[in-house]
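Visitor: Before I ask anything, here is the structure I am working with.
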Amino acid sequence: ADGAGIAHFGRLPRINYQLFVQKSPWAQASQTFVLQDPREIVIELQPGATIDGIVVSTEGVGVEAARVRVSKANGNDWGQIPAPLPETISGADGRFLLEGIPPGSYEIRTEAKGFVDGRLRNIQIEFDEILPAEVVVEAGAVIRGIVRNDAGKPLKDIDVSAERSGRNRQGQGETTVTDGDGKFIFDTLTAGDYRVACTGDSWRRWRETVKTGGDELEVTMVVAPALIGRVLDSRG
């Protein structure tokens, strides 16, 4: 919108629309309408709530550069477009502000390098208030390794996945790629057993079940067999 709060959408087809408006620190608002002819829509914004929070480790130290998101506690209603909600990055002391949150039931989710994803549930917002929040995150368990070919040369850009094995598959796993030295690391896992797989073009897939916190994995990949042929017509 411009300085007068006016936004213009031109040449829209005549179908159903859901319009979202978000401007910190106001609460996000939306309106569903059927566009038949050119029209003016007025949306009034109400003051939104603010979550003034902090992300800390289990030792009580603020976690810097954590991605912090707020989402509806029960997800979005089926068939509806997800409403945009605020997200931010924690500061050097782990503190963050989430502004412009409309009334409802929410949860906060965090992602930070070296830590298991955090979650704070049952946040109830009823009006334009300021709510404190503390998200405690646990240091992530680690799986690290290096990928080489059968001649001992490190392999770059190999896809590596770590999937939780067994029946308990919460926080199922992550993916990454090897760096220029053939190395990879997962450092946001919950402790336990994981099925690690390495794949790449022209390489045979490598898989092994490993425990977090063990020695560096030494992965050797071999060239996958290739099938080469020609397709001919009836005349050869």
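Residues are referred to by chain and number: the chain letter is A, B, ... according to the order shown in the structure tokens, the number counts from 1 in that chain, and ligands are numbered separately from 1 in the order shown.
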Would you pick out the contacts of range 134-151 of chain A at 7 Å or less, using only C-alpha atoms, so that residues sharing its chain but fewer than 5 positions from it are not included, and give the list as a PyMOL selection string?

Guide: chain A and resi 53-58+114-120+182-191+212-213+216-222

Visitor: Would you output that residue set with N, CA, C and O atoms, as a tab-separated table (two decimals), in the first residue's frame?

Guide:
```tsv
chain	number	residue	atom	x	y	z
A	53	GLY	N	10.09	-12.30	23.52
A	53	GLY	CA	10.61	-13.57	24.01
A	53	GLY	C	12.11	-13.72	23.90
A	53	GLY	O	12.83	-12.82	23.45
A	54	ILE	N	12.57	-14.91	24.28
A	54	ILE	CA	13.99	-15.23	24.24
A	54	ILE	C	14.15	-16.71	23.95
A	54	ILE	O	13.34	-17.54	24.39
A	55	VAL	N	15.17	-17.04	23.17
A	55	VAL	CA	15.55	-18.43	22.91
A	55	VAL	C	16.81	-18.71	23.71
A	55	VAL	O	17.82	-18.00	23.56
A	56	VAL	N	16.77	-19.72	24.59
A	56	VAL	CA	17.92	-20.03	25.43
A	56	VAL	C	18.24	-21.52	25.34
A	56	VAL	O	17.37	-22.35	25.08
A	57	SER	N	19.52	-21.84	25.58
A	57	SER	CA	19.93	-23.24	25.66
A	57	SER	C	19.54	-23.80	27.02
A	57	SER	O	19.09	-23.06	27.91
A	58	THR	N	19.70	-25.09	27.18
A	58	THR	CA	19.38	-25.72	28.47
A	58	THR	C	20.30	-25.21	29.58
A	58	THR	O	19.99	-25.38	30.76
A	114	GLY	N	23.04	-26.09	15.38
A	114	GLY	CA	23.63	-26.72	16.55
A	114	GLY	C	22.64	-27.08	17.64
A	114	GLY	O	23.03	-27.60	18.69
A	115	PHE	N	21.33	-26.83	17.38
A	115	PHE	CA	20.32	-27.11	18.39
A	115	PHE	C	19.13	-27.86	17.77
A	115	PHE	O	18.80	-27.66	16.60
A	116	VAL	N	18.50	-28.70	18.59
A	116	VAL	CA	17.27	-29.35	18.18
A	116	VAL	C	16.18	-28.29	18.03
A	116	VAL	O	16.15	-27.31	18.79
A	117	ASP	N	15.32	-28.44	17.04
A	117	ASP	CA	14.23	-27.48	16.85
A	117	ASP	C	13.41	-27.34	18.13
A	117	ASP	O	13.09	-28.34	18.78
A	118	GLY	N	13.09	-26.09	18.48
A	118	GLY	CA	12.33	-25.83	19.70
A	118	GLY	C	10.87	-25.55	19.40
A	118	GLY	O	10.51	-25.14	18.30
A	119	ARG	N	10.03	-25.75	20.42
A	119	ARG	CA	8.61	-25.49	20.26
A	119	ARG	C	8.02	-25.09	21.61
A	119	ARG	O	8.30	-25.69	22.63
A	120	LEU	N	7.21	-24.04	21.58
A	120	LEU	CA	6.48	-23.58	22.76
A	120	LEU	C	5.01	-23.55	22.41
A	120	LEU	O	4.58	-22.81	21.53
A	182	GLY	N	34.47	-32.86	0.67
A	182	GLY	CA	33.73	-34.11	0.81
A	182	GLY	C	33.10	-34.31	2.17
A	182	GLY	O	32.57	-35.39	2.46
A	183	LYS	N	33.11	-33.27	3.03
A	183	LYS	CA	32.63	-33.42	4.40
A	183	LYS	C	31.16	-33.00	4.54
A	183	LYS	O	30.66	-32.17	3.79
A	184	PHE	N	30.50	-33.59	5.54
A	184	PHE	CA	29.13	-33.21	5.87
A	184	PHE	C	28.96	-33.30	7.38
A	184	PHE	O	29.72	-33.98	8.08
A	185	ILE	N	27.94	-32.60	7.88
A	185	ILE	CA	27.63	-32.64	9.31
A	185	ILE	C	26.14	-32.40	9.52
A	185	ILE	O	25.53	-31.57	8.84
A	186	PHE	N	25.57	-33.15	10.43
A	186	PHE	CA	24.22	-32.91	10.96
A	186	PHE	C	24.41	-32.59	12.44
A	186	PHE	O	24.95	-33.42	13.18
A	187	ASP	N	23.98	-31.42	12.88
A	187	ASP	CA	24.20	-31.05	14.28
A	187	ASP	C	22.94	-30.57	14.99
A	187	ASP	O	23.01	-29.94	16.05
A	188	THR	N	21.76	-30.87	14.42
A	188	THR	CA	20.50	-30.48	15.05
A	188	THR	C	19.62	-31.70	15.31
A	188	THR	O	18.39	-31.58	15.41
A	189	LEU	N	20.21	-32.88	15.43
A	189	LEU	CA	19.45	-34.12	15.58
A	189	LEU	C	19.18	-34.41	17.06
A	189	LEU	O	19.94	-34.01	17.94
A	190	THR	N	18.10	-35.12	17.32
A	190	THR	CA	17.91	-35.70	18.64
A	190	THR	C	18.74	-36.97	18.73
A	190	THR	O	18.98	-37.64	17.72
A	191	ALA	N	19.22	-37.31	19.91
A	191	ALA	CA	20.11	-38.46	20.07
A	191	ALA	C	19.41	-39.75	19.68
A	191	ALA	O	18.21	-39.93	19.93
A	212	THR	N	24.19	-41.29	16.82
A	212	THR	CA	24.71	-39.93	16.96
A	212	THR	C	25.86	-39.93	17.95
A	212	THR	O	25.95	-40.76	18.85
A	213	GLY	N	26.77	-38.97	17.77
A	213	GLY	CA	27.87	-38.82	18.71
A	213	GLY	C	29.04	-39.76	18.48
A	213	GLY	O	29.98	-39.77	19.28
A	216	GLU	N	33.75	-39.95	13.19
A	216	GLU	CA	33.45	-39.46	11.85
A	216	GLU	C	33.27	-40.62	10.89
A	216	GLU	O	34.09	-41.55	10.86
A	217	LEU	N	32.18	-40.57	10.12
A	217	LEU	CA	31.92	-41.63	9.15
A	217	LEU	C	32.89	-41.53	7.98
A	217	LEU	O	33.16	-40.45	7.47
A	218	GLU	N	33.39	-42.67	7.57
A	218	GLU	CA	34.24	-42.76	6.39
A	218	GLU	C	33.42	-43.47	5.31
A	218	GLU	O	33.20	-44.67	5.38
A	219	VAL	N	32.95	-42.70	4.34
A	219	VAL	CA	32.08	-43.22	3.30
A	219	VAL	C	32.86	-43.35	2.00
A	219	VAL	O	33.47	-42.38	1.54
A	220	THR	N	32.83	-44.55	1.41
A	220	THR	CA	33.46	-44.77	0.11
A	220	THR	C	32.38	-45.12	-0.90
A	220	THR	O	31.63	-46.08	-0.69
A	221	MET	N	32.30	-44.35	-1.95
A	221	MET	CA	31.29	-44.58	-2.97
A	221	MET	C	31.95	-45.09	-4.25
A	221	MET	O	33.08	-44.70	-4.58
A	222	VAL	N	31.24	-45.99	-4.91
A	222	VAL	CA	31.76	-46.57	-6.15
A	222	VAL	C	30.84	-46.18	-7.30
A	222	VAL	O	29.66	-45.87	-7.10
```

Visitor: Output as JSON lines one row per residue of range 80-119 of chain A within 12 Å of range 34-51 of chain A: the closest atom pair and its distance in Å to one decimal place, counting only C-alpha atoms, sorted by chain and residue number ascending.

Guide:
```
{"residue": "A:Leu85", "atom": "CA", "partner": "A:Gly48", "partner_atom": "CA", "distance": 11.3}
{"residue": "A:Pro86", "atom": "CA", "partner": "A:Thr50", "partner_atom": "CA", "distance": 10.1}
{"residue": "A:Glu87", "atom": "CA", "partner": "A:Ile51", "partner_atom": "CA", "distance": 10.9}
{"residue": "A:Thr88", "atom": "CA", "partner": "A:Ile51", "partner_atom": "CA", "distance": 11.2}
{"residue": "A:Arg95", "atom": "CA", "partner": "A:Ile51", "partner_atom": "CA", "distance": 10.5}
{"residue": "A:Phe96", "atom": "CA", "partner": "A:Ile51", "partner_atom": "CA", "distance": 8.1}
{"residue": "A:Leu97", "atom": "CA", "partner": "A:Ile51", "partner_atom": "CA", "distance": 5.7}
{"residue": "A:Leu98", "atom": "CA", "partner": "A:Ile51", "partner_atom": "CA", "distance": 5.0}
{"residue": "A:Glu99", "atom": "CA", "partner": "A:Thr50", "partner_atom": "CA", "distance": 4.4}
{"residue": "A:Gly100", "atom": "CA", "partner": "A:Gly48", "partner_atom": "CA", "distance": 4.1}
{"residue": "A:Ile101", "atom": "CA", "partner": "A:Gly48", "partner_atom": "CA", "distance": 4.9}
{"residue": "A:Pro102", "atom": "CA", "partner": "A:Gly48", "partner_atom": "CA", "distance": 5.3}
{"residue": "A:Pro103", "atom": "CA", "partner": "A:Ala49", "partner_atom": "CA", "distance": 7.7}
{"residue": "A:Gly104", "atom": "CA", "partner": "A:Ala49", "partner_atom": "CA", "distance": 10.3}
{"residue": "A:Tyr106", "atom": "CA", "partner": "A:Ile51", "partner_atom": "CA", "distance": 11.0}
{"residue": "A:Glu107", "atom": "CA", "partner": "A:Ile51", "partner_atom": "CA", "distance": 11.1}
{"residue": "A:Ile108", "atom": "CA", "partner": "A:Ile51", "partner_atom": "CA", "distance": 9.8}
```

Visitor: What's the separation between CA of Ile125 in chain A and CA of Arg69 in chain A, in Å to one decimal place?

Guide: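 Answer for the CA of Ile125 in chain A to CA of Arg69 in chain A separation: 15.4 Å.
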
Visitor: I want to know what sits within 9 Å of Leu19 in chain A, based on only C-alpha atoms, with residues of the same chain fewer than 2 positions away left out; could you give that as a ChimeraX atom specification?

Guide: /A:17,21,29-33

Visitor: Closest to Ala133 in chain A among A:Val70, A:Ala27, A:Cys198, A:Ile158, using only C-alpha atoms?

Guide: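 So, comparing all the options, the nearest one is A:Val70.
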
Visitor: Write out as a list in words which residues come within 6 Å of Val160 in chain A when counting only C-alpha atoms, dropping same-chain ones fewer than 3 positions away.

Guide: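 Once the adjacent positions are removed, what remains is Thr175, Thr176, Val177, Ala197 and Cys198 of chain A.
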
Visitor: Pick out each residue of range 9-234 of chain A that DSSP on the backbone tags as strand (DSSP E); I need them as a PyMOL selection string.

Guide: chain A and resi 16-21+29-34+49-57+67-72+87-89+95-101+104-111+118-125+130-137+141-149+159-164+173-177+183-189+193-200+203-211+217-221
